[in-house]
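Q: My file is upload.json. It has JSON, N, CA and C atoms:
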```
[["chain", "number", "residue", "atom", "x", "y", "z"],
["A", 1, "MET", "N", 15.17, 87.63, 50.36],
["A", 1, "MET", "CA", 16.36, 87.33, 49.60],
["A", 1, "MET", "C", 16.02, 86.61, 48.29],
["A", 2, "VAL", "N", 15.11, 85.63, 48.36],
["A", 2, "VAL", "CA", 14.71, 84.89, 47.17],
["A", 2, "VAL", "C", 14.02, 85.80, 46.17],
["A", 3, "VAL", "N", 13.26, 86.76, 46.68],
["A", 3, "VAL", "CA", 12.54, 87.69, 45.81],
["A", 3, "VAL", "C", 13.51, 88.49, 44.95],
["A", 4, "MET", "N", 14.66, 88.82, 45.52],
["A", 4, "MET", "CA", 15.64, 89.61, 44.78],
["A", 4, "MET", "C", 16.22, 88.84, 43.60],
["A", 5, "VAL", "N", 16.09, 87.53, 43.61],
["A", 5, "VAL", "CA", 16.58, 86.70, 42.52],
["A", 5, "VAL", "C", 15.45, 86.36, 41.55],
["A", 6, "VAL", "N", 14.29, 86.00, 42.10],
["A", 6, "VAL", "CA", 13.17, 85.51, 41.29],
["A", 6, "VAL", "C", 12.53, 86.63, 40.46],
["A", 7, "VAL", "N", 12.31, 87.77, 41.05],
["A", 7, "VAL", "CA", 11.61, 88.86, 40.35],
["A", 7, "VAL", "C", 12.38, 89.32, 39.10],
["A", 8, "PRO", "N", 13.69, 89.57, 39.19],
["A", 8, "PRO", "CA", 14.39, 89.97, 37.95],
["A", 8, "PRO", "C", 14.35, 88.88, 36.87],
["A", 9, "ILE", "N", 14.37, 87.63, 37.27],
["A", 9, "ILE", "CA", 14.29, 86.54, 36.29],
["A", 9, "ILE", "C", 12.93, 86.54, 35.62],
["A", 10, "GLN", "N", 11.86, 86.73, 36.40],
["A", 10, "GLN", "CA", 10.51, 86.77, 35.83],
["A", 10, "GLN", "C", 10.36, 87.95, 34.88],
["A", 11, "VAL", "N", 10.88, 89.09, 35.25],
["A", 11, "VAL", "CA", 10.79, 90.28, 34.40],
["A", 11, "VAL", "C", 11.57, 90.06, 33.10],
["A", 12, "LEU", "N", 12.75, 89.49, 33.21],
["A", 12, "LEU", "CA", 13.55, 89.19, 32.02],
["A", 12, "LEU", "C", 12.82, 88.23, 31.09],
["A", 13, "MET", "N", 12.22, 87.19, 31.65],
["A", 13, "MET", "CA", 11.48, 86.23, 30.83],
["A", 13, "MET", "C", 10.29, 86.89, 30.15],
["A", 14, "ALA", "N", 9.61, 87.80, 30.85],
["A", 14, "ALA", "CA", 8.47, 88.50, 30.26],
["A", 14, "ALA", "C", 8.93, 89.40, 29.12],
["A", 15, "VAL", "N", 10.03, 90.11, 29.32],
["A", 15, "VAL", "CA", 10.56, 90.99, 28.25],
["A", 15, "VAL", "C", 10.95, 90.16, 27.04],
["A", 16, "LEU", "N", 11.61, 89.03, 27.28],
["A", 16, "LEU", "CA", 12.01, 88.17, 26.16],
["A", 16, "LEU", "C", 10.79, 87.58, 25.45],
["A", 17, "ALA", "N", 9.75, 87.25, 26.20],
["A", 17, "ALA", "CA", 8.52, 86.72, 25.57],
["A", 17, "ALA", "C", 7.89, 87.79, 24.68],
["A", 18, "TRP", "N", 7.80, 89.03, 25.18],
["A", 18, "TRP", "CA", 7.23, 90.12, 24.37],
["A", 18, "TRP", "C", 8.07, 90.35, 23.12],
["A", 19, "ARG", "N", 9.37, 90.29, 23.27],
["A", 19, "ARG", "CA", 10.27, 90.49, 22.13],
["A", 19, "ARG", "C", 10.08, 89.37, 21.10],
["A", 20, "ASP", "N", 9.94, 88.14, 21.59],
["A", 20, "ASP", "CA", 9.73, 87.00, 20.70],
["A", 20, "ASP", "C", 8.40, 87.15, 19.95],
["A", 21, "MET", "N", 7.37, 87.59, 20.67],
["A", 21, "MET", "CA", 6.05, 87.77, 20.03],
["A", 21, "MET", "C", 6.13, 88.82, 18.92],
["A", 22, "SER", "N", 6.93, 89.85, 19.15],
["A", 22, "SER", "CA", 7.06, 90.91, 18.15],
["A", 22, "SER", "C", 7.74, 90.42, 16.88],
["A", 23, "SER", "N", 8.62, 89.44, 17.04],
["A", 23, "SER", "CA", 9.37, 88.96, 15.88],
["A", 23, "SER", "C", 8.67, 87.83, 15.13],
["A", 24, "ARG", "N", 7.58, 87.32, 15.66],
["A", 24, "ARG", "CA", 6.87, 86.20, 15.04],
["A", 24, "ARG", "C", 5.61, 86.68, 14.33],
["A", 25, "SER", "N", 5.24, 85.94, 13.29],
["A", 25, "SER", "CA", 3.98, 86.24, 12.61],
["A", 25, "SER", "C", 2.83, 85.64, 13.44],
["A", 26, "ASP", "N", 1.61, 86.06, 13.13],
["A", 26, "ASP", "CA", 0.45, 85.55, 13.86],
["A", 26, "ASP", "C", 0.31, 84.04, 13.70],
["A", 27, "ALA", "N", 0.72, 83.52, 12.56],
["A", 27, "ALA", "CA", 0.59, 82.08, 12.30],
["A", 27, "ALA", "C", 1.55, 81.25, 13.16],
["A", 28, "GLN", "N", 2.57, 81.88, 13.69],
["A", 28, "GLN", "CA", 3.56, 81.16, 14.49],
["A", 28, "GLN", "C", 3.23, 81.14, 15.98],
["A", 29, "ILE", "N", 2.08, 81.72, 16.34],
["A", 29, "ILE", "CA", 1.68, 81.79, 17.75],
["A", 29, "ILE", "C", 0.30, 81.18, 17.90],
["A", 30, "ARG", "N", 0.14, 80.34, 18.91],
["A", 30, "ARG", "CA", -1.18, 79.78, 19.23],
["A", 30, "ARG", "C", -1.98, 80.86, 19.95],
["A", 31, "GLY", "N", -3.16, 81.15, 19.45],
["A", 31, "GLY", "CA", -3.95, 82.25, 20.01],
["A", 31, "GLY", "C", -3.50, 83.56, 19.40],
["A", 32, "THR", "N", -3.91, 84.65, 20.03],
["A", 32, "THR", "CA", -3.55, 85.96, 19.51],
["A", 32, "THR", "C", -2.39, 86.55, 20.31],
["A", 33, "LYS", "N", -1.65, 87.40, 19.65],
["A", 33, "LYS", "CA", -0.55, 88.08, 20.34],
["A", 33, "LYS", "C", -1.09, 88.92, 21.49],
["A", 34, "ARG", "N", -2.21, 89.56, 21.24],
["A", 34, "ARG", "CA", -2.82, 90.41, 22.27],
["A", 34, "ARG", "C", -3.14, 89.60, 23.53],
["A", 35, "LEU", "N", -3.70, 88.42, 23.35],
["A", 35, "LEU", "CA", -4.03, 87.55, 24.48],
["A", 35, "LEU", "C", -2.78, 87.20, 25.27],
["A", 36, "TRP", "N", -1.73, 86.78, 24.57],
["A", 36, "TRP", "CA", -0.50, 86.39, 25.25],
["A", 36, "TRP", "C", 0.16, 87.58, 25.93],
["A", 37, "ARG", "N", 0.12, 88.75, 25.32],
["A", 37, "ARG", "CA", 0.74, 89.93, 25.95],
["A", 37, "ARG", "C", 0.02, 90.28, 27.25],
["A", 38, "VAL", "N", -1.31, 90.25, 27.23],
["A", 38, "VAL", "CA", -2.07, 90.53, 28.45],
["A", 38, "VAL", "C", -1.79, 89.45, 29.50],
["A", 39, "PHE", "N", -1.77, 88.21, 29.07],
["A", 39, "PHE", "CA", -1.52, 87.08, 29.97],
["A", 39, "PHE", "C", -0.16, 87.22, 30.66],
["A", 40, "VAL", "N", 0.87, 87.58, 29.89],
["A", 40, "VAL", "CA", 2.21, 87.75, 30.45],
["A", 40, "VAL", "C", 2.26, 89.01, 31.33],
["A", 41, "LEU", "N", 1.56, 90.06, 30.95],
["A", 41, "LEU", "CA", 1.55, 91.30, 31.73],
["A", 41, "LEU", "C", 0.89, 91.09, 33.09],
["A", 42, "LEU", "N", -0.16, 90.28, 33.15],
["A", 42, "LEU", "CA", -0.85, 90.04, 34.42],
["A", 42, "LEU", "C", 0.06, 89.37, 35.44],
["A", 43, "ASN", "N", 0.89, 88.46, 34.96],
["A", 43, "ASN", "CA", 1.83, 87.78, 35.84],
["A", 43, "ASN", "C", 3.04, 87.39, 35.01],
["A", 44, "PRO", "N", 4.17, 88.00, 35.25],
["A", 44, "PRO", "CA", 5.35, 87.69, 34.45],
["A", 44, "PRO", "C", 5.72, 86.21, 34.45],
["A", 45, "GLY", "N", 5.32, 85.47, 35.47],
["A", 45, "GLY", "CA", 5.56, 84.03, 35.50],
["A", 45, "GLY", "C", 4.82, 83.31, 34.39],
["A", 46, "ASN", "N", 3.79, 83.92, 33.86],
["A", 46, "ASN", "CA", 3.04, 83.31, 32.77],
["A", 46, "ASN", "C", 3.84, 83.24, 31.48],
["A", 47, "SER", "N", 4.96, 83.95, 31.43],
["A", 47, "SER", "CA", 5.78, 83.88, 30.23],
["A", 47, "SER", "C", 6.31, 82.47, 30.01],
["A", 48, "LEU", "N", 6.46, 81.70, 31.08],
["A", 48, "LEU", "CA", 6.86, 80.30, 30.94],
["A", 48, "LEU", "C", 5.82, 79.52, 30.14],
["A", 49, "LEU", "N", 4.55, 79.81, 30.38],
["A", 49, "LEU", "CA", 3.50, 79.15, 29.61],
["A", 49, "LEU", "C", 3.56, 79.55, 28.14],
["A", 50, "TYR", "N", 3.89, 80.82, 27.88],
["A", 50, "TYR", "CA", 4.05, 81.24, 26.49],
["A", 50, "TYR", "C", 5.14, 80.43, 25.81],
["A", 51, "TRP", "N", 6.30, 80.29, 26.48],
["A", 51, "TRP", "CA", 7.42, 79.56, 25.88],
["A", 51, "TRP", "C", 7.08, 78.10, 25.66],
["A", 52, "LEU", "N", 6.28, 77.52, 26.54],
["A", 52, "LEU", "CA", 5.95, 76.10, 26.41],
["A", 52, "LEU", "C", 4.77, 75.83, 25.49],
["A", 53, "LEU", "N", 3.75, 76.70, 25.54],
["A", 53, "LEU", "CA", 2.50, 76.42, 24.83],
["A", 53, "LEU", "C", 2.14, 77.42, 23.74],
["A", 54, "GLY", "N", 2.60, 78.65, 23.85],
["A", 54, "GLY", "CA", 2.12, 79.70, 22.96],
["A", 54, "GLY", "C", 2.77, 79.75, 21.59],
["A", 55, "ARG", "N", 3.97, 79.21, 21.48],
["A", 55, "ARG", "CA", 4.68, 79.28, 20.21],
["A", 55, "ARG", "C", 4.44, 78.02, 19.38],
["A", 56, "ARG", "N", 4.21, 78.22, 18.11],
["A", 56, "ARG", "CA", 4.14, 77.07, 17.19],
["A", 56, "ARG", "C", 5.56, 76.77, 16.73],
["A", 57, "HIS", "N", 5.92, 75.51, 16.74],
["A", 57, "HIS", "CA", 7.26, 75.12, 16.33],
["A", 57, "HIS", "C", 7.26, 74.75, 14.85],
["A", 58, "PRO", "N", 8.28, 75.14, 14.12],
["A", 58, "PRO", "CA", 8.33, 74.89, 12.68],
["A", 58, "PRO", "C", 8.22, 73.41, 12.32],
["A", 59, "SER", "N", 8.68, 72.55, 13.18],
["A", 59, "SER", "CA", 8.65, 71.12, 12.89],
["A", 59, "SER", "C", 7.25, 70.53, 13.08],
["A", 60, "GLY", "N", 6.36, 71.29, 13.70],
["A", 60, "GLY", "CA", 5.03, 70.79, 13.99],
["A", 60, "GLY", "C", 4.98, 70.04, 15.31],
["A", 61, "LEU", "N", 6.14, 69.83, 15.93],
["A", 61, "LEU", "CA", 6.20, 69.16, 17.23],
["A", 61, "LEU", "C", 6.04, 70.19, 18.34],
["A", 62, "THR", "N", 5.50, 69.75, 19.44],
["A", 62, "THR", "CA", 5.39, 70.60, 20.61],
["A", 62, "THR", "C", 6.17, 69.94, 21.74],
["A", 63, "PRO", "N", 6.57, 70.70, 22.74],
["A", 63, "PRO", "CA", 7.31, 70.11, 23.84],
["A", 63, "PRO", "C", 6.54, 68.95, 24.46],
["A", 64, "GLY", "N", 7.20, 67.86, 24.68],
["A", 64, "GLY", "CA", 6.55, 66.70, 25.27],
["A", 64, "GLY", "C", 6.14, 65.65, 24.25],
["A", 65, "ASP", "N", 6.17, 65.98, 22.96],
["A", 65, "ASP", "CA", 5.84, 64.99, 21.93],
["A", 65, "ASP", "C", 6.88, 63.89, 21.92],
["A", 66, "VAL", "N", 6.41, 62.68, 21.72],
["A", 66, "VAL", "CA", 7.31, 61.53, 21.66],
["A", 66, "VAL", "C", 7.57, 61.21, 20.19],
["A", 67, "ILE", "N", 8.83, 61.05, 19.85],
["A", 67, "ILE", "CA", 9.22, 60.74, 18.48],
["A", 67, "ILE", "C", 9.51, 59.26, 18.39],
["A", 68, "ASP", "N", 8.76, 58.54, 17.58],
["A", 68, "ASP", "CA", 9.02, 57.11, 17.38],
["A", 68, "ASP", "C", 10.23, 56.94, 16.48],
["A", 69, "SER", "N", 11.08, 56.00, 16.86],
["A", 69, "SER", "CA", 12.27, 55.78, 16.02],
["A", 69, "SER", "C", 12.20, 54.46, 15.31]]
```
In structure tokens, what does this structure look like?
A:
Amino acid sequence: MVVMVVVPIQVLMAVLAWRDMSSRSDAQIRGTKRLWRVFVLLNPGNSLLYWLLGRRHPSGLTPGDVIDS
């Protein structure tokens, strides 16, 4: 039962990651697009790593950075 929910979510995240990679320049991605595409293809759950670590953010901040006020 859980598989019927988790698998479509993983596939959707992988498709969205590939779509995001297609719309970004090489400079906006850490590593190569080819590496991330293979990584996501091997296991669709790896798309979460792409969203957290693979994209460069325009502000220069990455998830988890602490902003001093």
Q: Figure out the distance between CA of Ile9 in chain A and atom N of Thr32 in chain A, please, to one decimal in Å.
A: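 Result for atom N of Thr32 in chain A versus CA of Ile9 in chain A: 24.5 Å, one decimal.
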Q: Pick out the closest residue to Arg37 in chain A from this set: A:Val11, A:Tyr50, A:Arg56, A:Arg24. Count only C-alpha atoms.
A: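 Closest to Arg37 in chain A, using only C-alpha atoms: A:Tyr50.
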Q: List as an NGL selection string the protein and nucleic acid residues near Ser47 in chain A, meaning an atom at most 6.5 Å away when all atoms listed in the file are counted, but skip any in the same chain fewer than 5 places from it.
A: :A and (13-14 or 17 or 39-40 or 52)
Q: So which one's closest to Trp36 in chain A, A:Val7, A:Leu12, A:Trp18, A:Pro58? Using only N, CA and C atoms, please.
A: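 Once distances to Trp36 in chain A are computed over only N, CA and C atoms, the minimum belongs to A:Trp18.
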Q: Just give me the gap between CA of Ser25 in chain A and atom N of Gln10 in chain A in Å, one decimal is fine.
A: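 The value is 25.1 Å.
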Q: Between A:Lys33, A:Pro44, A:Val3, A:Gln28, which has the minimum distance to His57 in chain A (counting only N, CA and C atoms)?
A: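 Residue with the minimum atom-to-atom distance to His57 in chain A: A:Gln28.
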Q: Quote the spacing between atom C of Leu49 in chain A and atom C of Asp20 in chain A in Å to one decimal place.
A: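 These two atoms are separated by 12.2 Å.
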